$ cat upload24.cif   # mmCIF, C-alpha atoms
data_start
#
loop_
_atom_site.group_PDB
_atom_site.id
_atom_site.type_symbol
_atom_site.label_atom_id
_atom_site.label_comp_id
_atom_site.auth_asym_id
_atom_site.auth_seq_id
_atom_site.Cartn_x
_atom_site.Cartn_y
_atom_site.Cartn_z
ATOM 1 C CA MET Q 283 0.000 0.000 0.000
ATOM 2 C CA LEU Q 284 2.767 2.466 0.917
ATOM 3 C CA GLN Q 285 4.529 1.959 -2.422
ATOM 4 C CA ASP Q 286 1.260 2.673 -4.276
ATOM 5 C CA LEU Q 287 0.816 5.903 -2.360
ATOM 6 C CA LEU Q 288 4.354 7.050 -3.086
ATOM 7 C CA THR Q 289 4.108 6.659 -6.850
ATOM 8 C CA GLY Q 290 2.523 9.208 -9.153
ATOM 9 C CA ASP Q 291 2.292 12.957 -8.847
ATOM 10 C CA VAL Q 292 0.400 14.528 -5.980
ATOM 11 C CA GLY Q 293 -2.245 16.904 -7.305
ATOM 12 C CA VAL Q 294 -3.475 19.840 -5.274
ATOM 13 C CA ALA Q 295 -6.953 18.323 -4.943
ATOM 14 C CA ASP Q 296 -5.725 15.050 -3.477
ATOM 15 C CA VAL Q 297 -2.887 16.247 -1.199
ATOM 16 C CA GLU Q 298 -4.994 16.002 1.947
ATOM 17 C CA SER Q 299 -6.524 12.597 1.256
ATOM 18 C CA ARG Q 300 -3.240 11.089 0.056
ATOM 19 C CA ALA Q 301 -1.368 12.523 3.055
ATOM 20 C CA GLN Q 302 -3.935 11.019 5.436
ATOM 21 C CA LEU Q 303 -3.550 7.606 3.798
ATOM 22 C CA VAL Q 304 0.239 7.882 3.823
ATOM 23 C CA ALA Q 305 0.244 8.834 7.507
ATOM 24 C CA ARG Q 306 -1.803 5.721 8.289
ATOM 25 C CA ALA Q 307 0.481 3.563 6.133
ATOM 26 C CA LEU Q 308 3.614 4.958 7.796
ATOM 27 C CA ALA Q 309 2.137 4.421 11.247
ATOM 28 C CA GLY Q 310 1.403 0.815 10.304
ATOM 29 C CA ALA Q 311 4.989 0.446 9.087
ATOM 30 C CA GLY Q 312 6.223 1.655 12.466
ATOM 31 C CA PHE Q 313 7.536 5.057 11.298
ATOM 32 C CA ARG Q 314 6.426 8.330 12.836
ATOM 33 C CA PRO Q 315 7.853 11.849 12.331
ATOM 34 C CA ILE Q 316 7.771 13.871 15.560
ATOM 35 C CA THR Q 317 8.641 17.527 16.005
ATOM 36 C CA ARG Q 318 8.980 19.305 19.352
ATOM 37 C CA HIS Q 319 9.174 23.045 19.843
ATOM 38 C CA LYS Q 320 10.765 24.641 22.908
ATOM 39 C CA ILE Q 321 10.325 28.402 23.206
ATOM 40 C CA VAL Q 322 12.085 30.483 25.845
ATOM 41 C CA CYS Q 323 11.052 34.109 26.485
ATOM 42 C CA VAL Q 324 13.869 36.376 27.710
ATOM 43 C CA ARG Q 325 13.213 39.887 29.068
ATOM 44 C CA ASP Q 326 15.992 42.124 30.368
ATOM 45 C CA GLY Q 327 18.371 39.149 30.482
ATOM 46 C CA ARG Q 328 16.015 36.970 32.557
ATOM 47 C CA VAL Q 329 14.018 33.937 31.484
ATOM 48 C CA MET Q 330 10.360 34.901 31.906
ATOM 49 C CA TRP Q 331 8.809 31.613 30.774
ATOM 50 C CA GLU Q 332 9.337 28.455 28.717
ATOM 51 C CA GLU Q 333 6.885 26.447 26.638
ATOM 52 C CA GLU Q 334 7.506 23.036 25.131
ATOM 53 C CA GLY Q 335 5.171 20.871 23.140
ATOM 54 C CA GLU Q 336 4.755 18.428 20.316
ATOM 55 C CA ASN Q 337 4.130 19.741 16.856
ATOM 56 C CA LEU Q 338 1.179 18.610 14.727
ATOM 57 C CA THR Q 339 2.413 17.726 11.231
ATOM 58 C CA THR Q 340 -0.030 18.990 8.619
ATOM 59 C CA TYR Q 341 -1.297 16.838 5.754
ATOM 60 C CA ALA Q 342 0.520 19.138 3.332
ATOM 61 C CA GLY Q 343 3.667 18.722 5.447
ATOM 62 C CA LEU Q 344 3.453 14.919 5.181
ATOM 63 C CA ALA Q 345 2.916 15.150 1.432
ATOM 64 C CA HIS Q 346 5.904 17.541 1.183
ATOM 65 C CA MET Q 347 8.141 15.056 3.033
ATOM 66 C CA LEU Q 348 7.090 12.171 0.820
ATOM 67 C CA THR Q 349 7.305 14.110 -2.432
ATOM 68 C CA ASN Q 350 10.686 15.657 -1.726
ATOM 69 C CA TYR Q 351 12.465 12.822 0.054
ATOM 70 C CA TRP Q 352 10.908 9.407 -0.492
ATOM 71 C CA LYS Q 353 10.149 9.962 -4.181
ATOM 72 C CA GLY Q 354 13.723 11.058 -4.778
ATOM 73 C CA ASN Q 355 13.089 14.710 -5.591
ATOM 74 C CA ALA Q 356 15.966 16.863 -4.380
ATOM 75 C CA TYR Q 357 14.712 19.489 -1.950
ATOM 76 C CA THR Q 358 17.483 22.023 -1.420
ATOM 77 C CA ALA Q 359 15.569 25.036 -0.142
ATOM 78 C CA GLY Q 360 15.577 25.817 3.568
ATOM 79 C CA PHE Q 361 13.042 25.642 6.344
ATOM 80 C CA PHE Q 362 11.990 28.606 8.472
ATOM 81 C CA VAL Q 363 10.394 29.161 11.861
ATOM 82 C CA GLY Q 364 7.327 31.328 12.395
ATOM 83 C CA LEU Q 365 5.221 32.391 15.366
ATOM 84 C CA LYS Q 366 1.590 31.355 15.643
ATOM 85 C CA GLY Q 367 -1.211 33.495 17.037
ATOM 86 C CA SER Q 368 -4.167 32.291 19.073
ATOM 87 C CA GLY Q 369 -6.275 29.456 17.705
ATOM 88 C CA THR Q 370 -5.683 25.770 17.126
ATOM 89 C CA ILE Q 371 -3.615 24.183 14.385
ATOM 90 C CA ALA Q 372 -5.473 21.607 12.300
ATOM 91 C CA GLY Q 373 -4.159 18.825 10.070
ATOM 92 C CA GLY Q 374 -5.712 20.383 6.966
ATOM 93 C CA ASP Q 375 -4.126 23.819 7.512
ATOM 94 C CA THR Q 376 -2.095 25.258 4.639
ATOM 95 C CA SER Q 377 -0.294 28.576 4.283
ATOM 96 C CA ALA Q 378 -3.158 29.823 2.107
ATOM 97 C CA SER Q 379 -5.868 28.608 4.488
ATOM 98 C CA HIS Q 380 -5.490 28.355 8.256
ATOM 99 C CA ALA Q 381 -8.693 29.958 9.467
ATOM 100 C CA GLY Q 382 -8.197 28.880 13.083
ATOM 101 C CA TRP Q 383 -5.132 31.093 13.639
ATOM 102 C CA SER Q 384 -2.946 33.836 12.194
ATOM 103 C CA GLU Q 385 0.805 34.376 11.939
ATOM 104 C CA VAL Q 386 2.408 36.740 14.467
ATOM 105 C CA GLN Q 387 4.673 39.167 12.603
ATOM 106 C CA ALA Q 388 5.506 41.673 15.385
ATOM 107 C CA TYR Q 389 9.249 41.065 15.474
ATOM 108 C CA ALA Q 390 12.176 43.121 14.221
ATOM 109 C CA ALA Q 391 13.503 40.853 11.452
ATOM 110 C CA GLY Q 392 12.024 41.370 8.011
ATOM 111 C CA THR Q 393 11.778 37.626 7.438
ATOM 112 C CA ARG Q 394 11.195 34.439 9.408
ATOM 113 C CA PRO Q 395 14.426 33.063 10.899
ATOM 114 C CA ALA Q 396 16.015 30.060 9.203
ATOM 115 C CA LEU Q 397 15.858 26.649 10.825
ATOM 116 C CA THR Q 398 19.574 25.814 11.042
ATOM 117 C CA LEU Q 399 19.890 22.154 11.969
ATOM 118 C CA GLY Q 400 22.947 20.419 13.429
ATOM 119 C CA ALA Q 401 24.181 16.841 13.106
ATOM 120 C CA VAL Q 402 21.714 13.960 12.914
ATOM 121 C CA THR Q 403 21.831 11.276 15.610
ATOM 122 C CA THR Q 404 21.081 7.816 14.245
ATOM 123 C CA GLY Q 405 19.425 4.720 15.618
ATOM 124 C CA ALA Q 406 15.895 3.371 16.122
ATOM 125 C CA THR Q 407 15.135 6.924 17.222
ATOM 126 C CA SER Q 408 17.017 9.415 15.049
ATOM 127 C CA SER Q 409 16.846 13.153 15.581
ATOM 128 C CA VAL Q 410 18.233 16.524 14.588
ATOM 129 C CA ASP Q 411 17.753 19.955 16.178
ATOM 130 C CA ASN Q 412 18.768 23.596 16.027
ATOM 131 C CA SER Q 413 19.962 23.823 19.650
ATOM 132 C CA ALA Q 414 23.327 25.264 18.535
ATOM 133 C CA ALA Q 415 21.491 28.092 16.717
ATOM 134 C CA PRO Q 416 17.913 28.557 18.026
ATOM 135 C CA ALA Q 417 15.578 30.643 15.883
ATOM 136 C CA SER Q 418 15.416 34.017 17.610
ATOM 137 C CA PHE Q 419 12.626 36.611 17.486
ATOM 138 C CA SER Q 420 13.114 40.171 18.810
ATOM 139 C CA ILE Q 421 9.592 41.314 19.634
ATOM 140 C CA ASN Q 422 8.986 44.955 18.653
ATOM 141 C CA ALA Q 423 5.356 45.582 19.665
ATOM 142 C CA ALA Q 424 3.766 45.714 23.121
ATOM 143 C CA ASN Q 425 1.069 43.224 24.118
ATOM 144 C CA THR Q 426 1.865 40.779 21.346
ATOM 145 C CA ALA Q 427 0.024 37.490 21.904
ATOM 146 C CA VAL Q 428 1.834 34.299 20.864
ATOM 147 C CA SER Q 429 0.282 30.847 21.057
ATOM 148 C CA GLY Q 430 2.834 28.590 19.364
ATOM 149 C CA ALA Q 431 5.354 28.157 16.583
ATOM 150 C CA PHE Q 432 5.463 26.576 13.141
ATOM 151 C CA VAL Q 433 7.938 25.386 10.521
ATOM 152 C CA ALA Q 434 7.420 26.419 6.889
ATOM 153 C CA THR Q 435 9.257 26.395 3.564
ATOM 154 C CA SER Q 436 9.430 30.181 3.037
ATOM 155 C CA SER Q 437 11.219 32.974 4.881
ATOM 156 C CA ALA Q 438 8.519 35.511 3.894
ATOM 157 C CA LYS Q 439 6.346 36.666 6.783
ATOM 158 C CA GLY Q 440 2.705 35.965 6.008
ATOM 159 C CA SER Q 441 3.479 33.857 2.930
ATOM 160 C CA THR Q 442 0.437 32.136 1.438
ATOM 161 C CA THR Q 443 2.315 30.102 -1.180
ATOM 162 C CA ASP Q 444 4.708 28.004 0.909
ATOM 163 C CA THR Q 445 4.112 24.768 2.820
ATOM 164 C CA ILE Q 446 3.467 24.743 6.550
ATOM 165 C CA ILE Q 447 5.149 21.534 7.673
ATOM 166 C CA GLY Q 448 3.564 21.667 11.111
ATOM 167 C CA ALA Q 449 2.865 23.790 14.160
ATOM 168 C CA SER Q 450 2.548 23.556 17.914
ATOM 169 C CA ASP Q 451 0.026 25.105 20.292
ATOM 170 C CA PHE Q 452 0.813 26.435 23.759
ATOM 171 C CA ALA Q 453 -1.429 25.374 26.627
ATOM 172 C CA ALA Q 454 -2.456 29.059 26.792
ATOM 173 C CA SER Q 455 -1.589 32.204 24.843
ATOM 174 C CA ARG Q 456 1.400 34.246 26.109
ATOM 175 C CA THR Q 457 1.531 38.052 26.037
ATOM 176 C CA LEU Q 458 4.881 39.562 25.086
ATOM 177 C CA GLN Q 459 6.278 43.039 25.527
ATOM 178 C CA SER Q 460 8.382 45.046 23.093
ATOM 179 C CA GLY Q 461 12.009 44.122 23.760
ATOM 180 C CA ASP Q 462 11.291 40.488 24.638
ATOM 181 C CA THR Q 463 13.298 37.834 22.817
ATOM 182 C CA LEU Q 464 11.885 34.422 21.940
ATOM 183 C CA ASN Q 465 14.465 31.701 21.366
ATOM 184 C CA THR Q 466 12.950 28.697 19.613
ATOM 185 C CA THR Q 467 14.512 25.244 19.520
ATOM 186 C CA ILE Q 468 13.042 22.726 17.104
ATOM 187 C CA THR Q 469 13.794 18.999 17.466
ATOM 188 C CA LEU Q 470 12.843 16.689 14.607
ATOM 189 C CA THR Q 471 12.680 13.000 15.481
ATOM 190 C CA ALA Q 472 11.911 9.900 13.431
ATOM 191 C CA VAL Q 473 10.925 6.795 15.372
ATOM 192 C CA THR Q 474 10.771 3.250 14.011
ATOM 193 C CA GLY Q 475 9.530 0.037 15.523
#
$ encode --input "upload24.cif" --output "structure tokens"
Amino acid sequence: MLQDLLTGDVGVADVESRAQLVARALAGAGFRPITRHKIVCVRDGRVMWEEEGENLTTYAGLAHMLTNYWKGNAYTAGFFVGLKGSGTIAGGDTSASHAGWSEVQAYAAGTRPALTLGAVTTGATSSVDNSAAPASFSINAANTAVSGAFVATSSAKGSTTDTIIGASDFAASRTLQSGDTLNTTITLTAVTG
């Protein structure tokens, strides 16, 4: 079944249904991609709070992984980290349509920070993270509400044409002040067995 799902081009209309089937097939094969986000808020040199949680991989994100890695296409573009506003991420969310939430853009950089990953650890549980270079956001607006983070394929703030690989939700929204810094560590793990 998995081989059948991996062959042929993925059309826009069937990305969601094919990704759902592939996710089920991969789970049955004992493979599961897991992403964790850890966000640390620093104000005036002090850690104000930390949030950590598991990312939900979108259907489009699963299809992107399969199309660009398992089918042999060479994906050479980067990945980028964004901040998520209030609302809940859903499996069917795309950059063009995520009605449950909006992107937070109230930070100094003109673009989303790159996800710069280190060395991959290998084994039955393999992982890679950006702990040597966390994605950093310098908040430049008072009372900015942040409710999570996401990984996408474009550096452009507010892009509607890239792929959202996945996102995480905080237990509750956090209010930031101008001058706060959010340091975001992303850990990508693949588990077999």
$ axis_aligned_box --input "upload24.cif" --around "region 325-331 of chain Q" --padding-each-side "3 Å" --output "JSON"
{"center_x": 13.6, "center_y": 36.9, "center_z": 30.8, "size_x": 15.6, "size_y": 16.5, "size_z": 9.5}
$ resolve_selection --input "upload24.cif" --expression "the PyMOL selection byres ((chain Q and resi 465) around 10)" --output "PyMOL selection string"
chain Q and resi 320-324+332+413+415-420+462-464+466-467
$ write_last_selection --input "upload24.cif" --atoms "C-alpha atoms" --output "PDB file, in the frame of the given file"
ATOM      1  CA  LYS Q 320      10.765  24.641  22.908  1.00  0.00           C
ATOM      2  CA  ILE Q 321      10.325  28.402  23.206  1.00  0.00           C
ATOM      3  CA  VAL Q 322      12.085  30.483  25.845  1.00  0.00           C
ATOM      4  CA  CYS Q 323      11.052  34.109  26.485  1.00  0.00           C
ATOM      5  CA  VAL Q 324      13.869  36.376  27.710  1.00  0.00           C
ATOM      6  CA  GLU Q 332       9.337  28.455  28.717  1.00  0.00           C
ATOM      7  CA  SER Q 413      19.962  23.823  19.650  1.00  0.00           C
ATOM      8  CA  ALA Q 415      21.491  28.092  16.717  1.00  0.00           C
ATOM      9  CA  PRO Q 416      17.913  28.557  18.026  1.00  0.00           C
ATOM     10  CA  ALA Q 417      15.578  30.643  15.883  1.00  0.00           C
ATOM     11  CA  SER Q 418      15.416  34.017  17.610  1.00  0.00           C
ATOM     12  CA  PHE Q 419      12.626  36.611  17.486  1.00  0.00           C
ATOM     13  CA  SER Q 420      13.114  40.171  18.810  1.00  0.00           C
ATOM     14  CA  ASP Q 462      11.291  40.488  24.638  1.00  0.00           C
ATOM     15  CA  THR Q 463      13.298  37.834  22.817  1.00  0.00           C
ATOM     16  CA  LEU Q 464      11.885  34.422  21.940  1.00  0.00           C
ATOM     17  CA  THR Q 466      12.950  28.697  19.613  1.00  0.00           C
ATOM     18  CA  THR Q 467      14.512  25.244  19.520  1.00  0.00           C
TER      19      THR Q 467
END
$ closest_residue --input "upload24.cif" --among "Q:Ile447, Q:Leu365, Q:Ala378, Q:Ala406" --to "Ala427 (chain Q)" --atoms "all atoms listed in the file"
Q:Leu365
$ atom_distance --input "upload24.cif" --atom1 "CA of Ile421 (chain Q)" --atom2 "CA of Glu385 (chain Q)"
13.6 Å
$ residues_around --input "upload24.cif" --residues "region 434-443 of chain Q" --least-positions-apart "4" --cutoff "9 Å" --atoms "all atoms listed in the file" --output "ChimeraX atom specification"
/Q:343,359-364,376-379,384-387,392-396,447-449
$ atom_distance --input "upload24.cif" --atom1 "CA of Thr317 (chain Q)" --atom2 "CA of Leu338 (chain Q)"
7.6 Å
$ atom_distance --input "upload24.cif" --atom1 "CA of Gly400 (chain Q)" --atom2 "CA of Ser450 (chain Q)"
21.1 Å
$ closest_residue --input "upload24.cif" --among "Q:Ala388, Q:Ile371, Q:Gly382, Q:Gly405" --to "Val473 (chain Q)" --atoms "all atoms listed in the file"
Q:Gly405
$ closest_residue --input "upload24.cif" --among "Q:Thr426, Q:Asn350, Q:Thr469, Q:Thr358" --to "Ser455 (chain Q)" --atoms "only C-alpha atoms"
Q:Thr426
$ closest_residue --input "upload24.cif" --among "Q:Gly461, Q:Ser429, Q:Thr339, Q:Met330" --to "Ala372 (chain Q)" --atoms "all atoms listed in the file"
Q:Thr339
